[in-house]
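S.K.: Next up, upload_24.csv (CSV, C-alpha atoms).
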```csv
chain,number,residue,atom,x,y,z
O,24,MET,CA,122.8,109.7,56.0
O,25,GLY,CA,125.7,108.5,53.9
O,26,MET,CA,125.4,106.0,51.2
O,27,GLY,CA,127.6,103.4,53.1
O,28,LYS,CA,125.5,103.7,56.3
O,29,ARG,CA,122.2,103.4,54.3
O,30,VAL,CA,123.4,100.2,52.6
O,31,ILE,CA,124.4,98.7,56.0
O,32,TYR,CA,121.1,99.8,57.5
O,33,THR,CA,119.1,98.3,54.6
O,34,SER,CA,121.1,95.0,54.9
O,35,ILE,CA,120.4,94.7,58.6
O,36,LEU,CA,116.7,95.4,58.0
O,37,GLY,CA,116.5,92.7,55.3
O,38,LEU,CA,118.3,90.2,57.6
O,39,SER,CA,115.8,91.0,60.4
O,40,LEU,CA,112.8,90.5,58.1
O,41,ILE,CA,114.2,87.1,56.9
O,42,THR,CA,114.8,86.1,60.5
O,43,ILE,CA,111.3,87.0,61.5
O,44,LEU,CA,109.8,85.3,58.5
O,45,SER,CA,111.9,82.2,59.2
O,46,GLY,CA,110.7,82.2,62.7
O,47,CYS,CA,107.1,82.3,61.6
O,48,LYS,CA,107.6,79.4,59.3
O,49,LYS,CA,109.3,77.4,62.1
O,50,ASN,CA,106.5,78.2,64.6
O,51,LYS,CA,103.8,77.1,62.1
O,52,LYS,CA,102.5,73.5,63.1
O,53,GLU,CA,103.8,70.9,60.8
O,54,ILE,CA,101.5,68.1,59.5
O,55,ASP,CA,102.6,64.6,60.2
O,56,PRO,CA,102.0,62.6,56.9
O,57,THR,CA,101.4,59.4,58.9
O,58,GLN,CA,98.5,61.1,60.6
O,59,VAL,CA,97.0,62.1,57.3
O,60,THR,CA,97.2,58.5,56.1
O,61,GLN,CA,95.5,57.3,59.3
O,62,LEU,CA,92.7,59.9,58.9
O,63,VAL,CA,92.1,58.9,55.3
O,64,ALA,CA,92.0,55.2,56.3
O,65,GLN,CA,89.5,55.9,59.1
O,66,GLU,CA,87.3,57.8,56.7
O,67,SER,CA,87.6,55.0,54.2
O,68,ASN,CA,86.6,52.4,56.8
O,69,LYS,CA,83.6,54.4,57.7
O,70,GLU,CA,82.5,54.7,54.1
O,71,GLU,CA,83.1,50.9,53.6
O,72,LEU,CA,81.0,50.1,56.7
O,73,SER,CA,78.2,52.3,55.6
O,74,THR,CA,78.1,50.9,52.1
O,75,LYS,CA,78.7,47.2,52.9
O,76,PRO,CA,75.8,45.2,51.4
O,77,GLN,CA,73.7,43.1,53.7
O,78,THR,CA,73.4,39.4,53.0
O,79,TRP,CA,69.6,39.2,53.1
O,80,HIS,CA,66.7,40.9,51.3
O,81,VAL,CA,63.4,42.3,52.5
O,82,THR,CA,60.7,39.7,51.8
O,83,ASN,CA,57.0,39.1,52.4
O,84,LYS,CA,57.8,35.4,53.0
O,85,ARG,CA,58.4,33.9,56.5
O,86,ILE,CA,60.0,30.8,57.9
O,87,LEU,CA,59.0,30.2,61.5
O,88,VAL,CA,61.9,29.1,63.7
O,89,VAL,CA,61.1,27.9,67.3
O,90,LEU,CA,64.0,27.5,69.7
O,91,GLY,CA,63.1,24.9,72.3
O,92,TYR,CA,64.9,22.7,74.9
O,93,GLY,CA,68.7,22.8,74.8
O,94,PHE,CA,68.6,26.0,72.7
O,95,ASN,CA,66.4,28.4,74.7
O,96,ASP,CA,68.7,29.7,77.4
O,97,ALA,CA,69.7,33.4,77.0
O,98,GLU,CA,73.1,32.8,75.5
O,99,SER,CA,72.2,30.0,73.0
O,100,SER,CA,69.0,31.7,71.8
O,101,ALA,CA,70.7,35.0,71.4
O,102,ASN,CA,73.5,33.4,69.4
O,103,LEU,CA,71.2,31.5,67.1
O,104,LYS,CA,68.9,34.6,66.6
O,105,ASN,CA,72.0,36.6,65.7
O,106,VAL,CA,73.0,33.9,63.1
O,107,LEU,CA,69.5,34.0,61.7
O,108,ALA,CA,69.5,37.8,61.6
O,109,GLN,CA,72.8,38.0,59.7
O,110,ASN,CA,71.9,35.3,57.1
O,111,PHE,CA,68.2,35.9,56.5
O,112,GLY,CA,67.0,38.9,58.5
O,113,LEU,CA,64.3,38.8,61.2
O,114,ASP,CA,60.6,39.5,61.0
O,115,GLU,CA,60.8,42.8,62.8
O,116,GLU,CA,63.2,44.0,60.0
O,117,ASN,CA,61.0,42.5,57.2
O,118,GLY,CA,63.4,39.6,56.9
O,119,LEU,CA,62.6,36.0,56.3
O,120,ILE,CA,62.7,34.6,59.9
O,121,LYS,CA,60.0,34.7,62.5
O,122,ALA,CA,62.0,33.5,65.6
O,123,LEU,CA,60.2,32.4,68.8
O,124,VAL,CA,61.8,31.1,72.0
O,125,PHE,CA,60.1,28.5,74.2
O,126,PRO,CA,58.7,29.0,76.8
O,127,ASP,CA,58.9,32.8,76.9
O,128,ASP,CA,57.0,33.3,73.7
O,129,PHE,CA,54.4,30.6,74.4
O,130,LYS,CA,52.8,32.0,77.6
O,131,ARG,CA,49.1,32.2,78.2
O,132,GLY,CA,48.8,34.3,81.3
O,133,THR,CA,51.5,33.1,83.7
O,134,ARG,CA,51.7,29.6,82.2
O,135,PHE,CA,53.2,28.4,79.0
O,136,TYR,CA,51.9,25.8,76.6
O,137,PRO,CA,53.6,24.1,73.6
O,138,SER,CA,50.1,23.9,72.1
O,139,GLU,CA,50.2,27.7,71.7
O,140,LEU,CA,52.4,27.0,68.7
O,141,TYR,CA,49.3,26.6,66.6
O,142,SER,CA,48.1,30.1,67.5
O,143,LYS,CA,51.6,31.5,66.7
O,144,ILE,CA,51.4,29.9,63.3
O,145,GLN,CA,48.0,31.5,62.6
O,146,GLU,CA,49.2,34.9,63.7
O,147,ILE,CA,51.8,35.2,61.0
O,148,ASP,CA,50.4,37.7,58.5
O,149,ASN,CA,53.0,37.1,55.8
O,150,GLU,CA,53.3,34.2,53.5
O,151,LEU,CA,54.5,31.2,55.6
O,152,CYS,CA,56.8,29.0,53.6
O,153,GLY,CA,58.2,26.7,56.3
O,154,ILE,CA,58.5,25.8,60.0
O,155,VAL,CA,61.7,24.7,61.7
O,156,ILE,CA,61.6,23.6,65.4
O,157,VAL,CA,64.9,23.2,67.2
O,158,GLY,CA,64.7,21.2,70.4
O,159,ALA,CA,60.9,20.6,70.1
O,160,PRO,CA,59.3,20.5,73.6
O,161,GLU,CA,56.8,17.9,74.7
O,162,ASN,CA,53.4,18.1,72.9
O,163,THR,CA,54.7,20.1,70.0
O,164,HIS,CA,53.3,17.5,67.7
O,165,ILE,CA,49.8,18.3,69.0
O,166,ALA,CA,50.0,21.8,67.7
O,167,LEU,CA,51.4,20.6,64.4
O,168,ALA,CA,48.6,18.0,64.1
O,169,ARG,CA,46.1,20.8,64.5
O,170,ASN,CA,47.9,22.7,61.8
O,171,GLN,CA,47.6,19.7,59.6
O,172,ASP,CA,43.9,19.5,60.2
O,173,ASN,CA,43.6,23.2,59.3
O,174,TRP,CA,45.1,22.3,55.9
O,175,ASN,CA,43.1,19.1,55.5
O,176,GLN,CA,46.4,17.1,56.0
O,177,GLU,CA,48.0,18.9,53.1
O,178,VAL,CA,50.3,21.5,54.7
O,179,PRO,CA,51.8,23.4,51.7
O,180,TYR,CA,55.2,24.0,53.2
O,181,PRO,CA,58.0,21.9,54.9
O,182,VAL,CA,57.9,21.3,58.6
O,183,ILE,CA,61.2,20.1,60.0
O,184,ALA,CA,62.2,19.2,63.6
O,185,LEU,CA,65.9,19.4,64.6
O,186,PHE,CA,67.1,17.6,67.7
O,187,PRO,CA,63.7,17.3,69.3
O,188,GLN,CA,62.6,16.4,72.8
O,189,ASP,CA,59.0,15.6,71.9
O,190,GLU,CA,57.3,12.2,71.3
O,191,VAL,CA,58.9,10.4,68.4
O,192,LEU,CA,55.9,8.9,66.7
O,193,GLY,CA,54.0,12.2,67.1
O,194,LEU,CA,56.7,14.2,65.4
O,195,GLU,CA,57.2,11.6,62.6
O,196,ALA,CA,53.5,11.9,61.8
O,197,THR,CA,53.4,15.7,61.8
O,198,CYS,CA,56.8,16.7,60.4
O,199,ASP,CA,58.3,16.2,56.9
O,200,ILE,CA,61.8,15.5,58.4
O,201,VAL,CA,62.9,14.7,62.0
O,202,LEU,CA,66.6,15.0,62.5
O,203,ASP,CA,68.4,13.9,65.7
O,204,LYS,CA,71.9,13.6,67.0
O,205,GLY,CA,73.0,10.1,67.9
O,206,GLN,CA,71.0,7.6,70.0
O,207,THR,CA,72.0,9.2,73.3
O,208,THR,CA,69.3,11.9,73.1
O,209,SER,CA,65.9,11.9,74.6
O,210,LEU,CA,64.5,9.5,71.9
O,211,THR,CA,64.6,6.8,74.6
O,212,GLY,CA,63.1,9.2,77.2
O,213,GLU,CA,66.5,10.1,78.7
O,214,MET,CA,68.1,13.5,78.7
O,215,ALA,CA,71.1,14.0,76.5
O,216,SER,CA,74.5,14.1,78.2
O,217,THR,CA,76.3,17.4,78.7
O,218,GLU,CA,78.9,16.4,76.0
O,219,VAL,CA,76.2,15.6,73.4
O,220,GLU,CA,74.4,18.9,74.2
O,221,SER,CA,77.6,20.8,73.8
O,222,GLN,CA,78.1,19.2,70.4
O,223,LEU,CA,74.6,20.0,69.4
O,224,ILE,CA,75.0,23.7,70.2
O,225,GLU,CA,78.2,23.8,68.2
O,226,GLU,CA,76.7,22.2,65.1
O,227,THR,CA,73.2,23.7,65.2
O,228,PRO,CA,74.0,27.1,63.6
O,229,GLU,CA,75.4,25.4,60.4
O,230,VAL,CA,72.6,22.8,60.3
O,231,LEU,CA,69.9,25.5,60.9
O,232,VAL,CA,71.3,27.8,58.1
O,233,GLU,CA,71.5,24.9,55.6
O,234,THR,CA,68.0,23.8,56.5
O,235,ILE,CA,66.5,27.2,56.0
O,236,ASN,CA,68.5,27.7,52.7
O,237,TYR,CA,67.0,24.4,51.4
O,238,ILE,CA,63.4,25.3,52.5
O,239,GLN,CA,63.8,28.5,50.5
O,240,SER,CA,64.4,26.5,47.4
O,241,LEU,CA,61.1,24.6,47.9
O,242,ASN,CA,57.5,25.8,47.5
O,243,TYR,CA,55.8,22.6,48.7
O,244,SER,CA,55.9,20.0,51.6
O,245,LEU,CA,57.8,16.8,51.2
O,246,GLU,CA,56.1,13.4,50.7
O,247,LYS,CA,57.0,10.7,53.2
O,248,ASN,CA,58.6,8.2,50.9
O,249,SER,CA,62.2,7.3,49.8
O,250,SER,CA,62.7,10.7,48.3
O,251,ILE,CA,62.9,12.2,51.8
O,252,GLN,CA,66.5,10.9,52.3
O,253,VAL,CA,67.5,12.4,48.9
O,254,HIS,CA,66.1,15.8,50.1
O,255,LEU,CA,67.9,15.5,53.4
O,256,MET,CA,71.2,14.7,51.7
O,257,GLN,CA,70.8,17.7,49.4
O,258,MET,CA,69.9,19.9,52.4
O,259,LEU,CA,72.8,18.9,54.6
O,260,LYS,CA,75.7,18.4,52.2
O,261,ASN,CA,78.7,16.4,53.4
O,262,LYS,CA,77.0,15.2,56.5
O,263,ASN,CA,76.9,11.6,57.7
O,264,ILE,CA,73.2,10.7,58.1
O,265,HIS,CA,71.3,7.4,58.5
O,266,HIS,CA,67.7,6.3,59.2
O,267,TYR,CA,66.4,6.2,62.7
O,268,ILE,CA,65.5,2.6,63.9
O,269,ASP,CA,63.0,2.3,66.6
O,270,PRO,CA,64.7,0.5,69.5
O,271,GLU,CA,61.6,-1.5,70.5
O,272,SER,CA,60.1,-2.6,67.2
O,273,GLY,CA,63.3,-2.5,65.1
O,274,LEU,CA,61.4,-0.7,62.3
O,275,GLN,CA,63.2,1.9,60.2
O,276,SER,CA,61.5,5.3,60.0
O,277,ILE,CA,60.8,6.9,56.7
O,278,ASN,CA,61.4,10.5,57.7
O,279,HIS,CA,63.4,10.3,60.9
O,280,PHE,CA,67.2,10.4,60.6
O,281,ILE,CA,70.3,10.5,62.8
O,282,LEU,CA,73.1,12.9,62.3
O,283,ASN,CA,76.5,11.4,63.2
```
Can you present the structure in this file as structure tokens?

M.R.:
Amino acid sequence: MGMGKRVIYTSILGLSLITILSGCKKNKKEIDPTQVTQLVAQESNKEELSTKPQTWHVTNKRILVVLGYGFNDAESSANLKNVLAQNFGLDEENGLIKALVFPDDFKRGTRFYPSELYSKIQEIDNELCGIVIVGAPENTHIALARNQDNWNQEVPYPVIALFPQDEVLGLEATCDIVLDKGQTTSLTGEMASTEVESQLIEETPEVLVETINYIQSLNYSLEKNSSIQVHLMQMLKNKNIHHYIDPESGLQSINHFILN
């Protein structure tokens, strides 16, 4: 083969190899930089979720929260328990809150009794540091009175009733604080209007969280004197609150208040 032909042949072979290699490069799947960014962001989000700190801590203390009338339907009770779980943790997770729903958690056989509340209090193995009853059903005060007897009238933790349906005088005698919403509730023996009930449901999560936060700061029950209002104002900051006045006697209660 002549020198000229050999050069031409070598050049053609080189061009062919370059073409083949270029074709291989073009056929190779290109990586979209935007997809890489998205993948990195997804992995970052996963890591952030897995390392996000929870807002509550494991504790051997417990605050008993009872969800009664007006707050015991499936949706309302689930929402409130979710708020409690997020802020304080539930008993089953070794959190602060032991949450019970009336009447489902107060059954004896096929019937339910508010008086079972006393048994539920005694069943708490951890250190009980407070009781909050939301929408207290009738005869709740009987169970609370029995608990007072168990402590020789010196219950060592706060007992607070929010928006109750139980007898007024009975609750005032057995709770440190009774807080109601307006005079249109069942304090006069009448059911609250749908509008008032709706307002209660909207305000309850905030009031409940603030109440529990305040109870955590105490290690004692509250004396029924003028200091009760001071405690309540510290507990529910920026809320408009005034004393409850009995509609029959006109007497002002020491530990019963109205939230406007």

S.K.: Mind dumping a table of every segment 95-140 of chain O residue within 12 Å of segment 236-239 of chain O, with the nearest atom pair and its distance in Å to one decimal, using all atoms listed in the file, sorted by chain and rising number, as JSON lines?

M.R.:
```
{"residue": "O:Leu107", "atom": "CA", "partner": "O:Asn236", "partner_atom": "CA", "distance": 11.0}
{"residue": "O:Asn110", "atom": "CA", "partner": "O:Asn236", "partner_atom": "CA", "distance": 9.4}
{"residue": "O:Phe111", "atom": "CA", "partner": "O:Asn236", "partner_atom": "CA", "distance": 9.0}
{"residue": "O:Leu119", "atom": "CA", "partner": "O:Gln239", "partner_atom": "CA", "distance": 9.6}
{"residue": "O:Ile120", "atom": "CA", "partner": "O:Gln239", "partner_atom": "CA", "distance": 11.3}
```

S.K.: To one decimal place in Å, what is the distance between atom CA of Ile277 of chain O and atom CA of Tyr243 of chain O?

M.R.: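 Atom-to-atom, atom CA of Ile277 of chain O and atom CA of Tyr243 of chain O are spaced 18.3 Å apart.
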
S.K.: Work out how far apart atom CA of Asn175 of chain O and atom CA of Gln145 of chain O are and give it in Å to one decimal.

M.R.: 15.1 Å

S.K.: With distances taken over only C-alpha atoms, which residue among O:Asn117, O:Asn170, O:Ser240, O:Gln257 lies nearest Tyr141 of chain O?

M.R.: O:Asn170

S.K.: Let me make sure I understand: among O:Asn102, O:Gly91, O:Leu192, O:Thr163, which one has the smallest atom-to-atom distance to Leu274 of chain O if we use all atoms listed in the file?

M.R.: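 Answer, going by the shortest atom-to-atom distance: O:Leu192.
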